Amino acid sequence: MSSEPDDATKTICPYCGVGCGIRVLEGDEPGEMRFMPWGDAPVNEGSVCIKGGAATQVVDHEDRLTEPLIKEDGEFREATWSEALDRVVDEMEGIREEHGPDGMGFFGSSKTFNEENYLIQKLARRYGTNQVDNCTRMCHASTVWALRTSLGMGAMTNSMADLEESADVLWIQGANPGEQHPIANSQYFRQAVLEGATVIQVDPHANKTTRSFEIDDTDRHMHLQLKPGTDIPLLNIVLKTILERHEEEPDAGWIDEAFVEERTKGIDHLKETLADFDKEAAAEECGVPLADIELAAEKYAMANDAAIFTGMGMSQHTCGVDNVQNEINLALITGNLGRPGTGVNPLRGQNNVQGTCDVGAMPNVLPGYQLVDDDEARESVEDVWGFDIPAEPGLTNVEISHAIGDTVHGLYVMGENPIMSEPDGNETERRFREELDFMVVQDIFMTETAELADVVLPATTWAERDGTVTNTDRRVQRMRGVHKVHENTRHDLDILCEVGTRLFGGGEERSSSENRAEPGGAFDFDGPEDVFEELREVCPIMYGMTYDALGETGLHWPCYEEGDEGDPFLYEEEFETEDGLGRIEGVVHQEPKEVPDEEYPLVLTTARLEEHYNTGTMSRRSPTLSKQHPENFVDVHPNDAERYGIEDGDDVVLKSRRGEITVRADVTEDIKEGVVWTTPHFAAASANRLTNDVLDERAKIPEYKAASAEIEVDIEAAGDDSPASADD
């Protein structure tokens, strides 16, 4: 190696939301970068999963986009940056003139940094629209909604460290950290169990998380393997059991009466909702023995400190907000909020999905979760930005996709691939291909969405640039680039600054303060730290942070003043709601919008693998990761396999009302009878060709976790060895 290990650059893994620190070392060859462990990294202390260790393999991949591209007569040709940006600006100006600012939609990216997502949402609002969104709409929008409205902030209430140190019971529902957050699972969750904690896992699928807690000499693990879409009935059994036992034993501590009285409202509504609730019938609907659910309720309620971890198995439903609200109900009635080892904690799936939301890349909030329809909040941001912000929330990304050809005519897509990531992928692709007037994509690879673009702008990877990201427990950390690999690529931040400057010019729109550079154009920034300084001004929860203060360990938000160390857990004194109270609200079961019938008798559910990352832009190009799982598969219960005549390893066609994919059948008892399970990682056979694009009415999240399906056998496999280029 041309560099010594001590010269390695300290940065953050680009994959999941745990926020593991890694080091990157330059190699002998131009563009070569190698992984090195970072032994005293604050989150992972040197440990990494297979993805983190392989992260550098895609930085100088042969598929990298290296020149701007413009499409003419259906074919791409190379262009200069000036030519490509002129086309982008001309098209955006034309769409605004003909259709108004809501004729454009803007997609931020959880794989890019806080500063870049701050700029794309500012660009959208300077253009005149709140139609900017990011992939949280596909994963945790319902979680953010429920947490924000009932507790005050749309994020983990606690930190990984205090959870591992203090929690007696870990309630993990709809999340698979063993597969999707491996270091969090091994360093924090499994370690907590080894030290005496109990884990209750609620998931339709037995998986690596299940197996990770099969620890010798302990029975402190329960797996409640429920039917997909029955989380509300199961939690209602838990809640009613606790309410009943409290009536029988009022002094036993089933409910924290003082906490409920002083810090919550709505318990009467919960009691009314559950008054006629039939626990026996609900348990049968869930497919879990009632006694097991009641035992789990006892373990949680009787714990000194119990923490809930929630994932996309809870959020990706048309009742996703209600699912998470019921988890909040459970934490509130037992007083498990506002101290170490407690809370309701969403495990965020991507490296910066938390931060992308924090900085306002969503259609209904400004930086720091300030509502766009809150006049006071909006005006405070306008004072800094120097222009008016639309007062009405915009469309979400799936709604933007649905509106293509109607009210939406152009898209600006940064680092996302909605063709692969949105549900009902075949119809999504048709709209993008046939009804969209103009689309610009800036990315590192030619994704399925980029193939349909009119202009493609080559960006740099995570290892080539500086910025900040926010991990799953609200820790803001600095990412540090090594060097740029391809000369004619540009950082996402620089591209956005150039587009903004060309669209809106210079002028005195940018505010100045004592700790700011001299004012220039609205998008005239001198690098990511300069952008971060403006972000601080409009984002109260991050106002106390500076690059120097972040250092190598980072800070948890909220961090309101310089010198604050940030809060590892929230709500110690009160909730961040208007009246300071946590909101309890009873909810009732809603079936998935599509249920099995004669034509499609199976329930299809989806999830991710440890070795891959969502839909595979980076992970499928990694030789190490692709070797582990080179193709998609479907888990089928042995009884279903026998009924269909399927042998383990057979190729089958998995079908829904929206499409079909050819996959290998894995016959396993990991899944319940009548349910099939597959992944979205593989472009040749993505689950999202099958998933349903119906939405939660409030959070607008699609129902990825439950759709009706059928299997066909005795087919010839349609092999496709081409590498996937799907969005992560």
# chains A, B, ... in the order shown; residues from 1 in each chain; ligands from 1
$ residues_around --residues "Phe76 of chain A" --least-positions-apart "4" --cutoff "12 Å" --atoms "only C-alpha atoms" --output "list in words"
Glu67, Pro68, Leu69, Ile70, Lys71, Glu72, Ala84, Met446, Ala450, Glu451, Leu452, Ala453, Asp454, Val455, Val456 and Leu457 of chain A
$ write_last_selection --atoms "N, CA, C and O atoms" --output "compact mmCIF listing (two decimals), in the first residue's frame"
# COMPACT_ATOMS: atom_id res chain seq x y z
N GLU A 67 -19.32 11.01 -17.08
CA GLU A 67 -19.54 12.20 -17.91
C GLU A 67 -21.02 12.56 -17.90
O GLU A 67 -21.87 11.67 -17.83
N PRO A 68 -21.36 13.86 -17.98
CA PRO A 68 -22.78 14.22 -18.14
C PRO A 68 -23.34 13.63 -19.43
O PRO A 68 -22.62 13.51 -20.44
N LEU A 69 -24.61 13.26 -19.40
CA LEU A 69 -25.26 12.64 -20.55
C LEU A 69 -26.56 13.38 -20.86
O LEU A 69 -27.30 13.76 -19.95
N ILE A 70 -26.83 13.56 -22.14
CA ILE A 70 -28.10 14.12 -22.62
C ILE A 70 -28.72 13.13 -23.59
O ILE A 70 -28.02 12.57 -24.45
N LYS A 71 -30.00 12.90 -23.46
CA LYS A 71 -30.69 11.96 -24.33
C LYS A 71 -31.22 12.69 -25.56
O LYS A 71 -31.91 13.70 -25.45
N GLU A 72 -30.90 12.16 -26.74
CA GLU A 72 -31.40 12.68 -28.01
C GLU A 72 -31.86 11.51 -28.86
O GLU A 72 -31.12 10.53 -29.04
N ALA A 84 -25.22 20.37 -20.24
CA ALA A 84 -26.20 19.58 -19.47
C ALA A 84 -26.97 20.46 -18.49
O ALA A 84 -28.20 20.34 -18.37
N MET A 446 -25.80 4.10 -13.58
CA MET A 446 -26.94 4.20 -14.48
C MET A 446 -28.05 3.29 -13.95
O MET A 446 -28.19 2.13 -14.32
N ALA A 450 -32.41 6.32 -14.03
CA ALA A 450 -31.51 7.12 -14.86
C ALA A 450 -31.64 6.76 -16.34
O ALA A 450 -31.53 7.62 -17.21
N GLU A 451 -31.91 5.50 -16.63
CA GLU A 451 -32.07 5.08 -18.02
C GLU A 451 -33.23 5.80 -18.70
O GLU A 451 -33.24 5.96 -19.92
N LEU A 452 -34.21 6.26 -17.92
CA LEU A 452 -35.37 6.94 -18.48
C LEU A 452 -35.22 8.45 -18.45
O LEU A 452 -36.13 9.16 -18.90
N ALA A 453 -34.11 8.95 -17.95
CA ALA A 453 -33.93 10.39 -17.78
C ALA A 453 -33.61 11.06 -19.10
O ALA A 453 -33.17 10.43 -20.08
N ASP A 454 -33.78 12.37 -19.11
CA ASP A 454 -33.38 13.19 -20.26
C ASP A 454 -31.97 13.74 -20.07
O ASP A 454 -31.26 13.96 -21.05
N VAL A 455 -31.59 13.97 -18.82
CA VAL A 455 -30.24 14.41 -18.49
C VAL A 455 -29.75 13.59 -17.30
O VAL A 455 -30.49 13.41 -16.32
N VAL A 456 -28.53 13.08 -17.38
CA VAL A 456 -27.92 12.34 -16.28
C VAL A 456 -26.64 13.07 -15.88
O VAL A 456 -25.78 13.34 -16.73
N LEU A 457 -26.52 13.38 -14.59
CA LEU A 457 -25.38 14.11 -14.07
C LEU A 457 -24.55 13.19 -13.18
O LEU A 457 -25.08 12.63 -12.21
$ closest_atom_pairs --of "segment 54-153 of chain A" --to "segment 305-321 of chain A" --cutoff "8 Å" --atoms "only C-alpha atoms" --output "CSV"
residue,atom,partner,partner_atom,distance
A:Met138,CA,A:Gln316,CA,7.2
A:Cys139,CA,A:Met312,CA,5.7
A:His140,CA,A:Ser315,CA,5.7
A:Ala141,CA,A:Ser315,CA,7.3
A:Ser142,CA,A:Val321,CA,4.6
A:Thr143,CA,A:Ser315,CA,6.0
A:Trp145,CA,A:Val321,CA,6.7
A:Ala146,CA,A:Val321,CA,5.5
$ residues_around --residues "segment 381-397 of chain A" --least-positions-apart "4" --cutoff "9 Å" --atoms "only C-alpha atoms" --output "PyMOL selection string"
chain A and resi 102+105-107+122+125-126+128-135+137-138+362-367+371-377+401-403+418+422+508-512+522+534+537-539+699-701
$ write_last_selection --atoms "C-alpha atoms" --output "PDB file, in the first residue's frame"
ATOM      1  CA  ASP A 102     -46.054  22.227  -8.630  1.00  0.00           C
ATOM      2  CA  GLY A 105     -41.189  17.061  -8.077  1.00  0.00           C
ATOM      3  CA  PHE A 106     -37.863  16.771  -6.223  1.00  0.00           C
ATOM      4  CA  PHE A 107     -36.459  13.547  -4.733  1.00  0.00           C
ATOM      5  CA  LYS A 122     -34.246  24.611  -0.367  1.00  0.00           C
ATOM      6  CA  ARG A 125     -38.946  25.727  -2.120  1.00  0.00           C
ATOM      7  CA  ARG A 126     -37.074  28.489  -3.948  1.00  0.00           C
ATOM      8  CA  GLY A 128     -41.973  27.554  -5.456  1.00  0.00           C
ATOM      9  CA  THR A 129     -43.091  24.077  -4.392  1.00  0.00           C
ATOM     10  CA  ASN A 130     -43.106  21.871  -1.306  1.00  0.00           C
ATOM     11  CA  GLN A 131     -43.074  18.765  -3.518  1.00  0.00           C
ATOM     12  CA  VAL A 132     -39.832  17.356  -2.169  1.00  0.00           C
ATOM     13  CA  ASP A 133     -39.567  13.978  -0.488  1.00  0.00           C
ATOM     14  CA  ASN A 134     -37.200  11.105   0.221  1.00  0.00           C
ATOM     15  CA  CYS A 135     -37.189   7.378   0.787  1.00  0.00           C
ATOM     16  CA  ARG A 137     -41.870   7.642   2.575  1.00  0.00           C
ATOM     17  CA  MET A 138     -41.131   4.015   1.716  1.00  0.00           C
ATOM     18  CA  MET A 362     -40.205  16.201   3.145  1.00  0.00           C
ATOM     19  CA  PRO A 363     -43.298  17.918   1.704  1.00  0.00           C
ATOM     20  CA  ASN A 364     -44.908  18.891   5.008  1.00  0.00           C
ATOM     21  CA  VAL A 365     -41.971  20.008   7.154  1.00  0.00           C
ATOM     22  CA  LEU A 366     -39.078  22.435   7.056  1.00  0.00           C
ATOM     23  CA  PRO A 367     -35.698  21.733   8.707  1.00  0.00           C
ATOM     24  CA  LEU A 371     -44.539  22.396   9.793  1.00  0.00           C
ATOM     25  CA  VAL A 372     -44.747  24.296   6.519  1.00  0.00           C
ATOM     26  CA  ASP A 373     -48.289  25.409   7.380  1.00  0.00           C
ATOM     27  CA  ASP A 374     -47.133  26.888  10.697  1.00  0.00           C
ATOM     28  CA  ASP A 375     -46.936  30.615   9.885  1.00  0.00           C
ATOM     29  CA  GLU A 376     -44.472  31.453  12.646  1.00  0.00           C
ATOM     30  CA  ALA A 377     -42.095  28.603  11.797  1.00  0.00           C
ATOM     31  CA  SER A 401     -45.344   9.475  -9.149  1.00  0.00           C
ATOM     32  CA  HIS A 402     -49.111   8.949  -9.324  1.00  0.00           C
ATOM     33  CA  ALA A 403     -49.556  12.534 -10.605  1.00  0.00           C
ATOM     34  CA  PRO A 418     -38.136   5.151  -7.826  1.00  0.00           C
ATOM     35  CA  GLU A 422     -41.758   2.346  -5.463  1.00  0.00           C
ATOM     36  CA  GLU A 508     -28.674  39.439  -1.480  1.00  0.00           C
ATOM     37  CA  GLU A 509     -31.010  36.508  -0.720  1.00  0.00           C
ATOM     38  CA  ARG A 510     -28.542  34.788   1.550  1.00  0.00           C
ATOM     39  CA  SER A 511     -28.441  36.057   5.104  1.00  0.00           C
ATOM     40  CA  SER A 512     -25.253  36.792   6.949  1.00  0.00           C
ATOM     41  CA  ALA A 522     -28.927  32.002  -2.451  1.00  0.00           C
ATOM     42  CA  GLU A 534     -26.906  27.947   7.290  1.00  0.00           C
ATOM     43  CA  GLU A 537     -29.731  28.828  11.539  1.00  0.00           C
ATOM     44  CA  VAL A 538     -33.034  27.338  10.356  1.00  0.00           C
ATOM     45  CA  CYS A 539     -32.973  24.019  12.252  1.00  0.00           C
ATOM     46  CA  ALA A 699     -48.366   9.194   6.292  1.00  0.00           C
ATOM     47  CA  LYS A 700     -48.841   8.234   2.615  1.00  0.00           C
ATOM     48  CA  ILE A 701     -46.608   5.172   3.020  1.00  0.00           C
TER      49      ILE A 701
END
$ select_by_dssp --residues "segment 103-294 of chain A" --states "strand (DSSP E)" --output "number ranges by chain"
A: 104-107, 132-133, 169-173, 198-202, 221-224, 264-265
$ write_last_selection --atoms "C-alpha atoms" --output "short mmCIF file (atom, residue, chain, number, x, y, z; two decimals), in the first residue's frame"
data_model
loop_
_atom_site.label_atom_id
_atom_site.label_comp_id
_atom_site.auth_asym_id
_atom_site.auth_seq_id
_atom_site.Cartn_x
_atom_site.Cartn_y
_atom_site.Cartn_z
CA MET A 104 -41.99 19.67 -10.72
CA GLY A 105 -41.19 17.06 -8.08
CA PHE A 106 -37.86 16.77 -6.22
CA PHE A 107 -36.46 13.55 -4.73
CA VAL A 132 -39.83 17.36 -2.17
CA ASP A 133 -39.57 13.98 -0.49
CA VAL A 169 -36.80 -6.03 28.16
CA LEU A 170 -36.28 -5.42 24.45
CA TRP A 171 -39.56 -5.57 22.50
CA ILE A 172 -38.59 -5.87 18.81
CA GLN A 173 -41.60 -5.70 16.49
CA THR A 198 -35.19 -10.43 27.88
CA VAL A 199 -36.04 -10.01 24.20
CA ILE A 200 -39.53 -10.38 22.74
CA GLN A 201 -39.51 -10.56 18.96
CA VAL A 202 -42.75 -10.04 17.02
CA HIS A 221 -36.25 -14.95 24.22
CA MET A 222 -39.77 -15.18 22.83
CA HIS A 223 -40.70 -15.14 19.15
CA LEU A 224 -44.35 -14.29 18.49
CA THR A 264 -50.29 11.62 29.29
CA LYS A 265 -53.79 12.08 27.98
#
$ residues_around --residues "Phe569 of chain A" --least-positions-apart "6" --cutoff "8 Å" --atoms "only C-alpha atoms" --output "PyMOL selection string"
chain A and resi 157-159+162+338-340
$ write_last_selection --atoms "C-alpha atoms" --output "PDB file, in the first residue's frame"
ATOM      1  CA  THR A 157     -36.418   8.347  21.800  1.00  0.00           C
ATOM      2  CA  ASN A 158     -33.253   6.768  23.189  1.00  0.00           C
ATOM      3  CA  SER A 159     -29.660   6.009  22.243  1.00  0.00           C
ATOM      4  CA  ASP A 162     -28.343   3.708  27.127  1.00  0.00           C
ATOM      5  CA  GLY A 338     -38.252   9.635  29.319  1.00  0.00           C
ATOM      6  CA  ARG A 339     -35.398   7.682  30.895  1.00  0.00           C
ATOM      7  CA  PRO A 340     -32.548   5.369  29.840  1.00  0.00           C
TER       8      PRO A 340
END
